[in-house]
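Okay, entry_22.cif is below, mmCIF, C-alpha atoms and all ligand atoms:
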```
data_upload
#
loop_
_atom_site.label_atom_id
_atom_site.label_comp_id
_atom_site.auth_asym_id
_atom_site.auth_seq_id
_atom_site.Cartn_x
_atom_site.Cartn_y
_atom_site.Cartn_z
CA MET N 297 5.41 18.78 -14.08
CA LYS N 298 3.05 21.11 -12.26
CA VAL N 299 2.74 21.07 -8.47
CA ILE N 300 -0.85 21.79 -7.48
CA THR N 301 -2.18 22.30 -3.95
CA LYS N 302 -5.82 23.32 -4.61
CA ILE N 303 -8.51 20.84 -5.61
CA VAL N 304 -10.21 23.34 -7.92
CA ASP N 305 -6.98 24.02 -9.82
CA LEU N 306 -6.37 20.33 -10.40
CA GLN N 307 -9.97 19.79 -11.45
CA ASN N 308 -9.79 22.64 -13.99
CA GLU N 309 -6.66 21.16 -15.56
CA LEU N 310 -8.13 17.67 -15.69
CA PHE N 311 -11.49 18.85 -17.01
CA ALA N 312 -9.74 20.38 -20.02
CA ALA N 313 -7.64 17.24 -20.57
CA ARG N 314 -10.63 14.93 -20.34
CA LYS N 315 -12.48 17.06 -22.91
CA GLU N 316 -9.63 16.42 -25.32
CA GLY N 317 -10.17 12.67 -24.77
CA LYS N 318 -7.07 12.20 -22.68
CA GLU N 319 -6.84 9.29 -20.25
CA ILE N 320 -5.79 9.91 -16.67
CA GLY N 321 -3.73 7.72 -14.36
CA LEU N 322 -3.63 8.36 -10.60
CA VAL N 323 -0.88 7.21 -8.25
CA PRO N 324 -1.92 7.90 -4.65
CA THR N 325 1.04 8.26 -2.25
CA MET N 326 1.89 9.66 1.15
CA GLY N 327 5.25 11.00 -0.07
CA ALA N 328 8.72 9.88 1.02
CA LEU N 329 8.89 8.39 -2.45
CA HIS N 330 11.25 5.56 -3.39
CA GLU N 331 11.82 3.20 -6.31
CA GLY N 332 8.63 1.31 -5.48
CA HIS N 333 6.60 4.48 -6.09
CA ALA N 334 8.72 5.29 -9.14
CA SER N 335 7.73 1.97 -10.70
CA LEU N 336 4.02 2.81 -10.25
CA VAL N 337 4.48 6.30 -11.72
CA LYS N 338 6.45 5.03 -14.71
CA ARG N 339 3.80 2.43 -15.42
CA SER N 340 1.06 5.05 -15.25
CA VAL N 341 3.02 7.37 -17.56
CA LYS N 342 3.29 4.51 -20.05
CA GLU N 343 -0.42 3.62 -19.90
CA ASN N 344 -2.07 7.07 -19.70
CA ASP N 345 -1.85 10.49 -21.34
CA ILE N 346 -1.74 12.23 -17.99
CA THR N 347 -0.39 11.02 -14.66
CA VAL N 348 -1.43 12.64 -11.41
CA VAL N 349 0.57 11.68 -8.32
CA SER N 350 -0.98 12.70 -5.02
CA VAL N 351 1.45 13.36 -2.18
CA PHE N 352 -0.66 13.59 0.94
CA LEU N 353 0.20 12.27 4.38
CA ASN N 354 -3.31 11.29 5.32
CA PRO N 355 -3.85 11.72 9.07
CA THR N 356 -7.11 9.76 9.15
CA GLN N 357 -5.41 6.45 8.38
CA PHE N 358 -2.93 6.62 11.28
CA ASN N 359 -4.17 5.03 14.47
CA ASP N 360 -0.85 5.79 16.16
CA GLN N 361 0.11 9.46 16.50
CA GLY N 362 3.79 8.54 16.98
CA ASP N 363 3.79 6.71 13.63
CA LEU N 364 2.33 9.82 11.94
CA ASP N 365 4.83 12.15 13.65
CA ARG N 366 7.76 9.95 12.64
CA TYR N 367 6.62 9.49 9.03
CA PRO N 368 9.28 10.97 6.70
CA ARG N 369 8.34 14.18 4.86
CA THR N 370 10.45 14.88 1.77
CA LEU N 371 8.32 16.91 -0.69
CA GLU N 372 11.24 18.53 -2.51
CA ALA N 373 12.97 15.22 -3.24
CA ASP N 374 9.57 13.69 -4.09
CA CYS N 375 8.96 16.34 -6.76
CA LYS N 376 12.37 15.69 -8.27
CA LEU N 377 11.66 11.94 -8.48
CA LEU N 378 8.23 12.57 -10.01
CA GLU N 379 9.67 14.96 -12.57
CA ASP N 380 12.27 12.32 -13.54
CA CYS N 381 9.55 9.68 -13.91
CA GLY N 382 7.52 11.89 -16.25
CA ALA N 383 4.51 12.64 -14.02
CA SER N 384 2.25 15.45 -15.26
CA TYR N 385 0.96 16.71 -11.91
CA CYS N 386 2.02 16.43 -8.30
CA PHE N 387 -1.09 17.07 -6.21
CA ALA N 388 0.06 18.06 -2.72
CA PRO N 389 -2.92 19.46 -0.80
CA SER N 390 -2.94 20.57 2.83
CA VAL N 391 -4.96 18.65 5.42
CA ASP N 392 -7.53 21.51 5.45
CA GLU N 393 -7.83 21.34 1.69
CA MET N 394 -8.58 17.60 1.77
CA TYR N 395 -10.71 17.70 4.91
CA PRO N 396 -12.38 21.14 5.21
CA THR N 397 -14.75 19.44 7.64
CA PRO N 398 -14.11 16.17 9.49
CA ASP N 399 -14.80 13.11 7.36
CA GLU N 400 -17.54 11.26 9.22
CA ARG N 401 -18.00 8.57 6.59
CA HIS N 402 -17.41 5.04 7.76
CA PHE N 403 -16.21 2.35 5.37
CA GLU N 404 -16.09 -1.28 6.32
CA PHE N 405 -15.79 -4.18 3.91
CA PRO N 406 -15.64 -7.32 5.99
CA PRO N 407 -13.91 -9.67 5.86
CA VAL N 408 -11.15 -8.05 3.77
CA SER N 409 -11.01 -4.85 5.84
CA THR N 410 -11.35 -6.47 9.25
CA VAL N 411 -8.64 -9.16 9.27
CA MET N 412 -4.86 -8.65 9.67
CA GLU N 413 -4.09 -4.89 9.33
CA GLY N 414 -7.78 -4.17 9.89
CA ALA N 415 -7.66 -5.97 13.24
CA LYS N 416 -4.24 -4.67 14.31
CA ARG N 417 -4.75 -1.06 13.22
CA PRO N 418 -8.38 -0.19 13.97
CA GLY N 419 -9.60 2.66 11.76
CA HIS N 420 -6.67 2.36 9.35
CA PHE N 421 -8.61 1.11 6.34
CA ASN N 422 -11.46 3.48 7.08
CA GLY N 423 -8.97 6.34 6.74
CA VAL N 424 -7.49 4.83 3.58
CA CYS N 425 -10.98 4.58 2.06
CA GLN N 426 -11.82 8.16 3.09
CA VAL N 427 -8.80 9.62 1.35
CA VAL N 428 -8.74 7.28 -1.64
CA SER N 429 -12.44 7.86 -2.37
CA ARG N 430 -11.84 11.64 -2.17
CA LEU N 431 -8.93 11.34 -4.57
CA PHE N 432 -11.04 9.25 -6.95
CA TYR N 433 -13.84 11.86 -6.88
CA ILE N 434 -11.37 14.74 -7.41
CA VAL N 435 -9.25 13.15 -10.15
CA ARG N 436 -11.80 10.78 -11.79
CA PRO N 437 -8.94 8.64 -13.12
CA ASN N 438 -9.24 5.93 -15.76
CA ARG N 439 -6.65 3.90 -13.87
CA ALA N 440 -5.26 4.01 -10.34
CA TYR N 441 -1.98 2.34 -9.39
CA PHE N 442 -1.28 0.55 -6.11
CA GLY N 443 1.73 -1.45 -4.97
CA GLU N 444 1.30 -5.12 -4.05
CA LYS N 445 3.44 -4.53 -0.97
CA ASP N 446 0.25 -3.39 0.73
CA TRP N 447 -1.53 -6.53 -0.35
CA GLN N 448 -4.57 -6.09 1.85
CA GLN N 449 -4.97 -2.43 0.88
CA ILE N 450 -5.51 -3.46 -2.74
CA ALA N 451 -8.25 -5.91 -1.71
CA VAL N 452 -9.94 -3.16 0.32
CA VAL N 453 -9.62 -0.55 -2.44
CA LYS N 454 -11.21 -2.96 -4.93
CA GLN N 455 -14.22 -3.28 -2.61
CA LEU N 456 -14.33 0.50 -2.25
CA VAL N 457 -14.40 1.01 -6.02
CA LYS N 458 -17.42 -1.32 -6.26
CA PHE N 459 -19.12 0.40 -3.33
CA ILE N 460 -18.79 3.92 -4.75
CA GLY N 461 -19.97 2.74 -8.16
CA MET N 462 -16.78 3.36 -10.10
CA SER N 463 -15.98 -0.21 -11.22
CA ASP N 464 -17.00 0.49 -14.83
CA SER N 465 -14.92 3.63 -15.27
CA LEU N 466 -11.89 2.97 -13.07
CA GLN N 467 -9.38 0.15 -13.28
CA ILE N 468 -7.24 -0.70 -10.24
CA VAL N 469 -3.78 -1.63 -11.47
CA GLU N 470 -1.74 -3.84 -9.12
CA CYS N 471 2.01 -3.41 -9.39
CA PRO N 472 4.63 -5.87 -8.11
CA ILE N 473 6.59 -5.25 -4.95
CA ILE N 474 10.04 -3.69 -5.46
CA ARG N 475 12.89 -4.93 -3.25
CA ASP N 476 16.36 -3.81 -2.32
CA GLU N 477 19.13 -6.13 -3.51
CA ASP N 478 19.14 -7.97 -0.19
CA GLY N 479 15.40 -8.66 -0.45
CA LEU N 480 13.97 -6.02 1.89
CA ALA N 481 10.70 -4.68 0.46
CA LYS N 482 11.01 -0.99 -0.41
CA SER N 483 9.05 1.14 2.02
CA SER N 484 9.05 4.78 3.09
CA ARG N 485 9.50 3.53 6.65
CA ASN N 486 12.86 1.88 5.76
CA SER N 487 14.52 5.30 5.98
CA LEU N 488 13.66 5.31 9.70
CA LEU N 489 15.71 2.17 10.37
CA SER N 490 19.09 2.56 12.09
CA LYS N 491 22.11 0.91 10.46
CA ASP N 492 21.80 -2.11 12.76
CA GLU N 493 18.06 -2.41 12.17
CA ARG N 494 18.53 -2.15 8.41
CA ALA N 495 21.07 -4.99 8.65
CA ILE N 496 18.62 -7.43 10.26
CA ALA N 497 15.48 -6.46 8.29
CA PRO N 498 16.28 -8.63 5.21
CA ALA N 499 15.83 -11.71 7.44
CA ILE N 500 12.08 -11.21 6.95
CA PHE N 501 12.08 -11.87 3.22
CA LYS N 502 14.77 -14.53 3.59
CA ALA N 503 12.48 -16.52 5.92
CA LEU N 504 9.50 -16.01 3.61
CA LYS N 505 11.43 -17.09 0.52
CA GLU N 506 12.87 -20.17 2.21
CA SER N 507 9.41 -21.16 3.39
CA VAL N 508 8.20 -21.60 -0.20
CA GLU N 509 10.51 -24.60 -0.61
CA TYR N 510 9.66 -25.84 2.91
CA ALA N 511 5.94 -25.62 2.12
CA LYS N 512 6.31 -28.24 -0.62
CA ASN N 513 6.80 -30.94 2.05
CA HIS N 514 5.02 -29.43 5.05
CA ASN N 515 1.51 -28.42 5.95
CA VAL N 516 0.21 -24.86 6.39
CA LYS N 517 0.62 -24.81 10.17
CA GLU N 518 4.18 -26.16 10.04
CA THR N 519 5.10 -23.60 7.39
CA HIS N 520 3.50 -20.80 9.40
CA ASP N 521 5.31 -21.79 12.57
CA LYS N 522 8.67 -22.08 10.82
CA VAL N 523 8.45 -18.56 9.37
CA VAL N 524 7.52 -17.10 12.76
CA ALA N 525 10.28 -19.03 14.55
CA ASP N 526 12.95 -18.12 11.95
CA ILE N 527 12.17 -14.42 12.18
CA ASN N 528 11.72 -14.29 15.95
CA ALA N 529 15.11 -16.03 16.30
CA VAL N 530 16.75 -12.86 14.94
CA GLU N 531 17.45 -10.46 17.80
CA GLY N 532 15.58 -7.20 17.17
CA LEU N 533 12.81 -8.72 15.06
CA GLU N 534 9.40 -9.72 16.38
CA VAL N 535 6.54 -11.02 14.27
CA GLU N 536 3.28 -9.20 14.97
CA TYR N 537 1.27 -11.53 12.76
CA PHE N 538 1.85 -13.97 9.95
CA GLU N 539 -1.25 -15.29 8.23
CA ILE N 540 -1.48 -17.71 5.36
CA VAL N 541 -4.62 -16.72 3.48
CA ASP N 542 -6.59 -16.97 0.27
CA GLY N 543 -5.15 -14.18 -1.90
CA ASN N 544 -8.60 -12.85 -2.82
CA THR N 545 -10.78 -13.27 0.26
CA LEU N 546 -7.92 -12.95 2.79
CA GLN N 547 -9.49 -15.77 4.79
CA ASP N 548 -7.11 -18.18 6.53
CA VAL N 549 -6.39 -21.42 4.71
CA THR N 550 -5.74 -24.52 6.78
CA ASN N 551 -4.69 -26.85 3.93
CA TRP N 552 -2.77 -25.97 0.78
CA GLU N 553 -5.65 -27.51 -1.20
CA ASP N 554 -8.18 -25.03 0.28
CA SER N 555 -7.47 -22.43 -2.40
CA PRO N 556 -5.74 -22.12 -5.78
CA TYR N 557 -4.27 -18.79 -4.67
CA VAL N 558 -2.40 -18.74 -1.35
CA VAL N 559 -0.42 -15.83 0.09
CA GLY N 560 1.42 -15.39 3.38
CA CYS N 561 1.09 -11.87 4.82
CA ILE N 562 3.43 -10.72 7.55
CA THR N 563 4.07 -7.73 9.78
CA VAL N 564 7.25 -7.56 11.82
CA TYR N 565 8.45 -5.10 14.44
CA CYS N 566 12.05 -4.14 13.84
CA GLY N 567 14.33 -2.56 16.44
CA LYS N 568 13.74 -0.49 19.54
CA THR N 569 11.35 2.23 18.25
CA PRO N 570 10.07 -0.19 16.79
CA ILE N 571 9.49 0.23 13.03
CA ARG N 572 6.66 -1.86 11.63
CA LEU N 573 7.60 -3.65 8.38
CA ILE N 574 5.16 -5.39 6.06
CA ASP N 575 5.82 -8.08 3.47
CA HIS N 576 4.18 -11.07 1.80
CA ILE N 577 4.98 -14.18 -0.18
CA LYS N 578 2.94 -16.10 -2.72
CA TYR N 579 2.74 -19.87 -2.12
CA LYS N 580 0.25 -20.65 -4.90
CA GLU N 581 -1.02 -18.45 -7.71
O1 LIG N 601 -0.37 3.20 0.39
C1 LIG N 601 -0.32 4.38 0.77
O2 LIG N 601 0.72 5.03 0.71
C2 LIG N 601 -1.57 5.03 1.33
O3 LIG N 601 -2.30 4.14 2.10
C3 LIG N 601 -2.46 5.69 0.26
C4 LIG N 601 -3.05 4.65 -0.69
C5 LIG N 601 -1.64 6.70 -0.52
C6 LIG N 601 -3.63 6.42 0.92
O4 LIG N 601 -3.19 7.44 1.76
#
```

Target encoding structure tokens, full file:
Amino acid sequence: MKVITKIVDLQNELFAARKEGKEIGLVPTMGALHEGHASLVKRSVKENDITVVSVFLNPTQFNDQGDLDRYPRTLEADCKLLEDCGASYCFAPSVDEMYPTPDERHFEFPPVSTVMEGAKRPGHFNGVCQVVSRLFYIVRPNRAYFGEKDWQQIAVVKQLVKFIGMSDSLQIVECPIIRDEDGLAKSSRNSLLSKDERAIAPAIFKALKESVEYAKNHNVKETHDKVVADINAVEGLEVEYFEIVDGNTLQDVTNWEDSPYVVGCITVYCGKTPIRLIDHIKYKE
């Protein structure tokens, strides 16, 4: 695997590969890689001739400087994991390389970009779209791989692909969430949890999972309220939002019959810092 830091170097390599008819998979990441990322990389390696993994902690998508400062940085270990997964290139540019001048573009795709994370983290999806569109222009992949853990991000990226006119040449591949044995969704932020925080975090998925059974005999509001109450009852956990939405439009559903595809999306603060954890559960698909 080659580690590349300059856009022009990556483009030269990919230009040659494309000329030979090779197909390119892109896995965008912010580093601090774990098994969730590994599953995306392995899938890309299986489905493409070349896999580019970008490792770039994108400052424009952080609306909280503390969150950016705390974010784990582990490039050496990341490269080892990528090598083991069979990636062809690790693209690890500097901030100046990605943003030689400030990115003044503004992306908004309401309603999918304005609800939930869009409302709670103003500017977050704009930053995601800035960096992801740059990566798409640089790499020109045939397929790009995103984890379903960031459910809303996938919906936003799909809108972005349409907007920048790449829907015919680029397929967005959605990959299932990967969990620890106790149910906690794998996330780079998990490494920031203390031992005590790590011990209570699985209560999030436990409540979500139990609510699927509960939902069979209860309405949407009752199910919503039970999940929030179950999680808030655990000392050290506090639900920021839990929304039961249509899995495509991300609009709230009020009755289970409102949509054939219903997902519950949650964000929970864990511990004193606190660390923000995201998860979701599918009620109907
Ligand atoms: O999901 C992430 O890690 C980031 O939002 C992404 C897609 C790599 C863009 O920085």

Mind listing the residues within 8 Å of ligand LIG 601 (chain N), only C-alpha atoms and all ligand atoms counted, as a list in words?
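After applying the 8 Å limit, what remains is Val323, Pro324, Thr325, Met326, Gly327, Ser350, Val351, Phe352, Leu353, Asn354, Gln357, Gly423, Val424, Cys425, Val427, Val428, Phe442, Gly443, Asp446 and Gln449 of chain N.
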
Output the selection as an mmCIF file, in the frame of the given file - C-alpha atoms for each residue.
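Output file out.cif is given in full below:
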```
data_model
loop_
_atom_site.group_PDB
_atom_site.id
_atom_site.type_symbol
_atom_site.label_atom_id
_atom_site.label_comp_id
_atom_site.auth_asym_id
_atom_site.auth_seq_id
_atom_site.Cartn_x
_atom_site.Cartn_y
_atom_site.Cartn_z
ATOM 1 C CA VAL N 323 -0.880 7.210 -8.250
ATOM 2 C CA PRO N 324 -1.920 7.900 -4.650
ATOM 3 C CA THR N 325 1.040 8.260 -2.250
ATOM 4 C CA MET N 326 1.890 9.660 1.150
ATOM 5 C CA GLY N 327 5.250 11.000 -0.070
ATOM 6 C CA SER N 350 -0.980 12.700 -5.020
ATOM 7 C CA VAL N 351 1.450 13.360 -2.180
ATOM 8 C CA PHE N 352 -0.660 13.590 0.940
ATOM 9 C CA LEU N 353 0.200 12.270 4.380
ATOM 10 C CA ASN N 354 -3.310 11.290 5.320
ATOM 11 C CA GLN N 357 -5.410 6.450 8.380
ATOM 12 C CA GLY N 423 -8.970 6.340 6.740
ATOM 13 C CA VAL N 424 -7.490 4.830 3.580
ATOM 14 C CA CYS N 425 -10.980 4.580 2.060
ATOM 15 C CA VAL N 427 -8.800 9.620 1.350
ATOM 16 C CA VAL N 428 -8.740 7.280 -1.640
ATOM 17 C CA PHE N 442 -1.280 0.550 -6.110
ATOM 18 C CA GLY N 443 1.730 -1.450 -4.970
ATOM 19 C CA ASP N 446 0.250 -3.390 0.730
ATOM 20 C CA GLN N 449 -4.970 -2.430 0.880
#
```

Selection: 12 Å around N:Glu319, all atoms listed in the file, excl. self and same-chain fewer than 5 positions, as a list of chain:residue names:
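After dropping sequence-adjacent residues, the list is N:Leu310, N:Phe311, N:Ala312, N:Ala313, N:Arg314, N:Ser340, N:Val341, N:Lys342, N:Glu343, N:Asn344, N:Asp345, N:Ile346, N:Thr347, N:Val348, N:Val435, N:Arg436, N:Pro437, N:Asn438, N:Arg439, N:Ala440, N:Ser465, N:Leu466, N:Gln467.
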
Between N:Gly419, N:Ile303, N:Ile574, N:Ser384, which one has atoms that come closest to N:Ile320, using only C-alpha atoms?
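Among the listed residues, N:Ser384 lies closest to N:Ile320.
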
Around the point (3.0, -10.1, 14.8) (coordinates from the file), which residues reach within 10 Å if we count all atoms listed in the file? Answer as number ranges by chain.
N: 412, 416, 524, 528, 533-539, 562-565, 572

Mind checking which residues fall within 6 Å of stretch 472-477 of chain N, counting all atoms listed in the file, ignoring those fewer than 4 positions away in the same chain, and posting them as a VMD selection string?
chain N and resid 332 444 to 445 481 to 482
